$ cat final14.txt   # compact mmCIF, C-alpha atoms
# COMPACT_ATOMS: atom_id res chain seq x y z
CA MET A 1 8.96 -9.06 -1.22
CA LEU A 2 5.45 -9.38 0.19
CA ARG A 3 6.68 -8.14 3.58
CA ARG A 4 8.15 -5.03 1.89
CA ALA A 5 4.84 -4.30 0.23
CA ALA A 6 3.03 -4.79 3.52
CA LEU A 7 5.46 -2.47 5.30
CA VAL A 8 4.96 0.22 2.65
CA VAL A 9 1.18 -0.09 3.06
CA VAL A 10 1.49 0.18 6.86
CA VAL A 11 3.74 3.21 6.49
CA ALA A 12 1.33 4.84 4.03
CA LEU A 13 -1.59 4.24 6.37
CA ALA A 14 0.36 5.61 9.31
CA LEU A 15 1.29 8.67 7.28
CA THR A 16 -2.28 9.50 6.42
CA SER A 17 -3.99 8.63 9.69
CA CYS A 18 -1.59 8.70 12.62
CA ALA A 19 -2.67 11.16 15.29
CA PRO A 20 -0.44 12.54 18.02
CA GLU A 21 -0.22 10.39 21.11
CA SER A 22 -1.76 12.09 24.11
CA GLY A 23 0.89 13.36 26.45
CA SER A 24 3.47 13.71 23.69
CA THR A 25 6.24 16.12 24.40
CA ALA A 26 7.58 19.01 22.43
CA GLY A 27 11.10 19.29 21.05
CA PRO A 28 13.99 21.01 22.82
CA ALA A 29 13.06 23.95 25.02
CA ALA A 30 13.84 27.41 23.76
CA GLY A 31 16.09 29.59 25.80
CA PRO A 32 19.73 30.44 26.38
CA SER A 33 20.78 26.79 26.69
CA ALA A 34 18.88 25.63 23.57
CA ARG A 35 20.97 23.99 20.87
CA GLN A 36 21.50 25.47 17.43
CA PRO A 37 18.86 24.38 14.90
CA SER A 38 19.64 21.03 13.32
CA THR A 39 19.89 20.57 9.57
CA ILE A 40 17.30 17.79 9.84
CA LEU A 41 14.68 20.09 11.32
CA PRO A 42 12.66 21.75 8.58
CA THR A 43 12.97 25.42 7.83
CA VAL A 44 9.42 26.62 7.25
CA PRO A 45 9.30 28.59 3.99
CA GLY A 46 7.71 32.04 3.99
CA GLU A 47 5.15 30.80 1.49
CA MET A 48 4.04 27.16 1.30
CA THR A 49 4.27 26.72 -2.46
CA THR A 50 4.77 23.41 -4.22
CA ASP A 51 8.37 24.34 -5.06
CA SER A 52 9.25 25.51 -1.53
CA VAL A 53 7.82 22.47 0.28
CA GLN A 54 9.24 20.08 -2.32
CA SER A 55 12.70 21.56 -1.91
CA GLU A 56 12.60 21.38 1.90
CA THR A 57 11.07 17.89 2.05
CA VAL A 58 13.63 16.46 -0.38
CA ARG A 59 16.47 18.23 1.50
CA ILE A 60 15.45 16.71 4.85
CA ALA A 61 15.03 13.20 3.39
CA ASP A 62 18.43 13.46 1.70
CA GLU A 63 20.04 14.57 5.00
CA LEU A 64 18.56 11.57 6.81
CA ILE A 65 19.59 9.05 4.14
CA ALA A 66 23.09 10.56 4.00
CA SER A 67 23.52 9.61 7.67
CA ILE A 68 23.61 5.92 6.67
CA ASP A 69 26.94 4.50 5.56
CA PRO A 70 26.56 4.07 1.75
CA ALA A 71 28.43 0.75 1.95
CA ARG A 72 25.45 -0.64 3.92
CA ILE A 73 22.94 0.29 1.20
CA VAL A 74 22.35 -2.17 -1.66
CA ASN A 75 19.52 -0.16 -3.24
CA ASP A 76 17.59 3.05 -2.56
CA ASP A 77 14.20 3.04 -4.23
CA GLU A 78 13.09 6.67 -3.95
CA TYR A 79 9.81 8.37 -4.84
CA SER A 80 9.18 12.09 -4.53
CA GLN A 81 5.88 13.61 -5.59
CA GLU A 82 2.98 15.89 -4.81
CA VAL A 83 0.24 13.89 -3.11
CA ALA A 84 -3.44 14.83 -3.27
CA ALA A 85 -5.27 14.71 0.06
CA GLU A 86 -8.74 15.59 1.31
CA ALA A 87 -7.52 18.85 2.77
CA GLY A 88 -5.42 19.88 -0.26
CA ALA A 89 -2.02 18.47 -1.13
CA TYR A 90 1.38 17.85 0.40
CA TRP A 91 4.83 16.82 -0.87
CA GLY A 92 5.80 13.25 -0.06
CA VAL A 93 9.14 11.47 -0.25
CA LEU A 94 9.51 7.72 0.23
CA HIS A 95 12.85 5.92 0.46
CA THR A 96 12.84 2.12 0.58
CA LEU A 97 16.37 1.07 1.42
CA THR A 98 17.55 -2.48 0.86
CA LEU A 99 20.54 -2.97 3.12
CA GLN A 100 23.31 -5.54 3.16
CA PRO A 101 21.77 -8.79 4.52
CA SER A 102 24.00 -8.72 7.61
CA ILE A 103 22.79 -5.24 8.65
CA ASP A 104 20.19 -5.01 11.43
CA ALA A 105 17.46 -2.93 9.76
CA ALA A 106 15.70 -2.17 13.04
CA ALA A 107 18.93 -0.80 14.53
CA VAL A 108 19.43 1.46 11.49
CA ALA A 109 15.83 2.71 11.72
CA GLU A 110 16.24 3.33 15.45
CA GLN A 111 19.42 5.33 14.76
CA ILE A 112 17.60 7.51 12.23
CA ALA A 113 14.70 8.08 14.65
CA GLY A 114 17.12 8.78 17.50
CA ARG A 115 18.94 11.35 15.42
CA MET A 116 15.60 12.98 14.62
CA THR A 117 14.39 13.13 18.23
CA ASP A 118 17.79 14.45 19.34
CA ALA A 119 17.33 17.24 16.77
CA GLY A 120 13.89 18.15 18.14
CA TRP A 121 11.45 15.98 16.17
CA ILE A 122 8.53 14.79 18.32
CA ALA A 123 7.93 11.02 18.58
CA ARG A 124 4.18 10.46 18.20
CA ASP A 125 3.72 6.70 18.21
CA GLY A 126 5.74 3.60 17.52
CA THR A 127 6.30 -0.11 17.88
CA ASN A 128 9.30 -2.40 18.01
CA GLN A 129 8.23 -6.02 18.13
CA ASP A 130 8.16 -9.24 16.13
CA GLY A 131 10.88 -8.08 13.74
CA THR A 132 9.15 -4.81 12.88
CA TYR A 133 10.19 -1.33 13.96
CA LEU A 134 7.92 1.61 13.16
CA ILE A 135 7.88 5.16 14.54
CA ALA A 136 5.91 8.26 13.56
CA LEU A 137 7.42 11.70 14.21
CA SER A 138 6.45 15.31 13.58
CA SER A 139 8.68 18.34 13.36
CA SER A 140 6.49 20.59 15.53
CA GLU A 141 3.17 20.91 17.35
CA ASP A 142 1.77 23.27 14.68
CA ALA A 143 -0.05 21.14 12.08
CA ALA A 144 0.03 23.98 9.55
CA THR A 145 3.84 24.03 9.47
CA SER A 146 4.83 20.56 10.66
CA TRP A 147 6.49 17.87 8.60
CA PHE A 148 5.51 14.28 9.36
CA CYS A 149 7.83 11.28 9.10
CA VAL A 150 7.47 7.53 9.49
CA VAL A 151 10.63 5.45 9.85
CA GLY A 152 10.24 1.71 9.61
CA ALA A 153 12.18 -1.54 9.37
CA ASP A 154 11.20 -5.11 8.70
CA ALA A 155 13.73 -7.58 10.03
CA SER A 156 11.31 -10.50 10.19
CA VAL A 157 12.78 -12.26 7.14
CA PRO A 158 16.39 -13.39 7.75
CA GLY A 159 18.73 -11.97 5.12
CA ASP A 160 16.15 -9.42 3.93
CA SER A 161 17.10 -6.12 5.58
CA VAL A 162 14.81 -3.21 4.62
CA VAL A 163 14.38 0.31 6.04
CA THR A 164 11.72 2.76 4.91
CA LEU A 165 11.59 6.49 5.43
CA GLN A 166 8.44 8.36 4.47
CA LEU A 167 8.35 12.12 4.83
CA ALA A 168 5.41 14.44 4.20
CA SER A 169 5.32 18.22 4.10
CA PRO A 170 2.73 20.46 5.67
CA PRO A 171 -0.19 21.32 3.40
CA ILE A 172 0.75 23.15 0.22
CA GLY A 173 -0.87 26.54 -0.21
$ encode --input "final14.txt" --output "structure tokens"
Amino acid sequence: MLRRAALVVVVALALTSCAPESGSTAGPAAGPSARQPSTILPTVPGEMTTDSVQSETVRIADELIASIDPARIVNDDEYSQEVAAEAGAYWGVLHTLTLQPSIDAAAVAEQIAGRMTDAGWIARDGTNQDGTYLIALSSSEDAATSWFCVVGADASVPGDSVVTLQLASPPIG
């Protein structure tokens, strides 16, 4: 349980202070051969109101969680709320998934992150060592319209398989 709390703290810190890695790359190139937009890429609302960013943030998080076989999930502890920040506010969604003990949490987290990067999300920073997997992603290069996501897993305690997904909207207003 302590490891879960520590992972949530690490994810929260990463969400509020992770900067893009220098040399990061953009999503898929535009042009005739570009793929159709993915349902896990945000659709930027015309106006960034609390209701519009809440709706889009929750929709994306739900799409990502739905990609996991429900039989693997023992519990989904979900929080969705407006979060005050120095530069205004954003909408945040946190899913802490307890998986079946036999499930490799890091592999599940990597699959979620892989699905996101395949859809055009930009990997900013990450680690995969000592039983912990953590990756930060953004939906675009434009900070004013980009969603930010941290996907994590703690597989350091045998039989305790946990995946976290934390998603934050662009600034509201």
$ closest_residue --input "final14.txt" --among "A:Asn75, A:Thr49, A:Gln81, A:Ser139" --to "Ser161 of chain A" --atoms "only C-alpha atoms"
A:Asn75
$ closest_residue --input "final14.txt" --among "A:Ser52, A:Thr164, A:Ser38, A:Asn128" --to "Leu99 of chain A" --atoms "only C-alpha atoms"
A:Thr164
$ residues_around --input "final14.txt" --residues "segment 108-111 of chain A" --least-positions-apart "4" --cutoff "9 Å" --atoms "all atoms listed in the file" --output "mmCIF file with C-alpha atoms, keeping the file's coordinate frame"
data_model
loop_
_atom_site.group_PDB
_atom_site.id
_atom_site.type_symbol
_atom_site.label_atom_id
_atom_site.label_comp_id
_atom_site.auth_asym_id
_atom_site.auth_seq_id
_atom_site.Cartn_x
_atom_site.Cartn_y
_atom_site.Cartn_z
ATOM 1 C CA ILE A 68 23.610 5.920 6.670
ATOM 2 C CA ILE A 103 22.790 -5.240 8.650
ATOM 3 C CA ASP A 104 20.190 -5.010 11.430
ATOM 4 C CA ARG A 115 18.940 11.350 15.420
ATOM 5 C CA MET A 116 15.600 12.980 14.620
ATOM 6 C CA TYR A 133 10.190 -1.330 13.960
ATOM 7 C CA LEU A 134 7.920 1.610 13.160
ATOM 8 C CA ILE A 135 7.880 5.160 14.540
ATOM 9 C CA VAL A 151 10.630 5.450 9.850
ATOM 10 C CA GLY A 152 10.240 1.710 9.610
ATOM 11 C CA ALA A 153 12.180 -1.540 9.370
ATOM 12 C CA VAL A 163 14.380 0.310 6.040
ATOM 13 C CA THR A 164 11.720 2.760 4.910
ATOM 14 C CA LEU A 165 11.590 6.490 5.430
#
$ closest_residue --input "final14.txt" --among "A:Ala119, A:Ala71, A:Ala89, A:Ala136" --to "Ser169 of chain A" --atoms "all atoms listed in the file"
A:Ala89
$ residues_around --input "final14.txt" --residues "Glu63 of chain A" --least-positions-apart "4" --cutoff "7 Å" --atoms "all atoms listed in the file" --output "ChimeraX atom specification"
/A:40,59,67
$ write_last_selection --input "final14.txt" --atoms "C-alpha atoms" --output "PDB file, in the frame of the given file"
ATOM      1  CA  ILE A  40      17.300  17.790   9.840  1.00  0.00           C
ATOM      2  CA  ARG A  59      16.470  18.230   1.500  1.00  0.00           C
ATOM      3  CA  SER A  67      23.520   9.610   7.670  1.00  0.00           C
TER       4      SER A  67
END
$ closest_residue --input "final14.txt" --among "A:Thr57, A:Thr50, A:Thr98, A:Ser140" --to "Gly159 of chain A" --atoms "all atoms listed in the file"
A:Thr98
$ atom_distance --input "final14.txt" --atom1 "atom CA of Asp118 of chain A" --atom2 "atom CA of Ala144 of chain A"
22.4 Å
$ closest_residue --input "final14.txt" --among "A:Val44, A:Ser156, A:Ser138, A:Gln166" --to "Ile65 of chain A" --atoms "only C-alpha atoms"
A:Gln166
$ atom_distance --input "final14.txt" --atom1 "atom CA of Leu41 of chain A" --atom2 "atom CA of Val162 of chain A"
24.2 Å
$ closest_residue --input "final14.txt" --among "A:Pro70, A:Ile172, A:Ser55, A:Leu64" --to "Cys149 of chain A" --atoms "only C-alpha atoms"
A:Leu64
$ atom_distance --input "final14.txt" --atom1 "atom CA of Gly126 of chain A" --atom2 "atom CA of Val150 of chain A"
9.1 Å
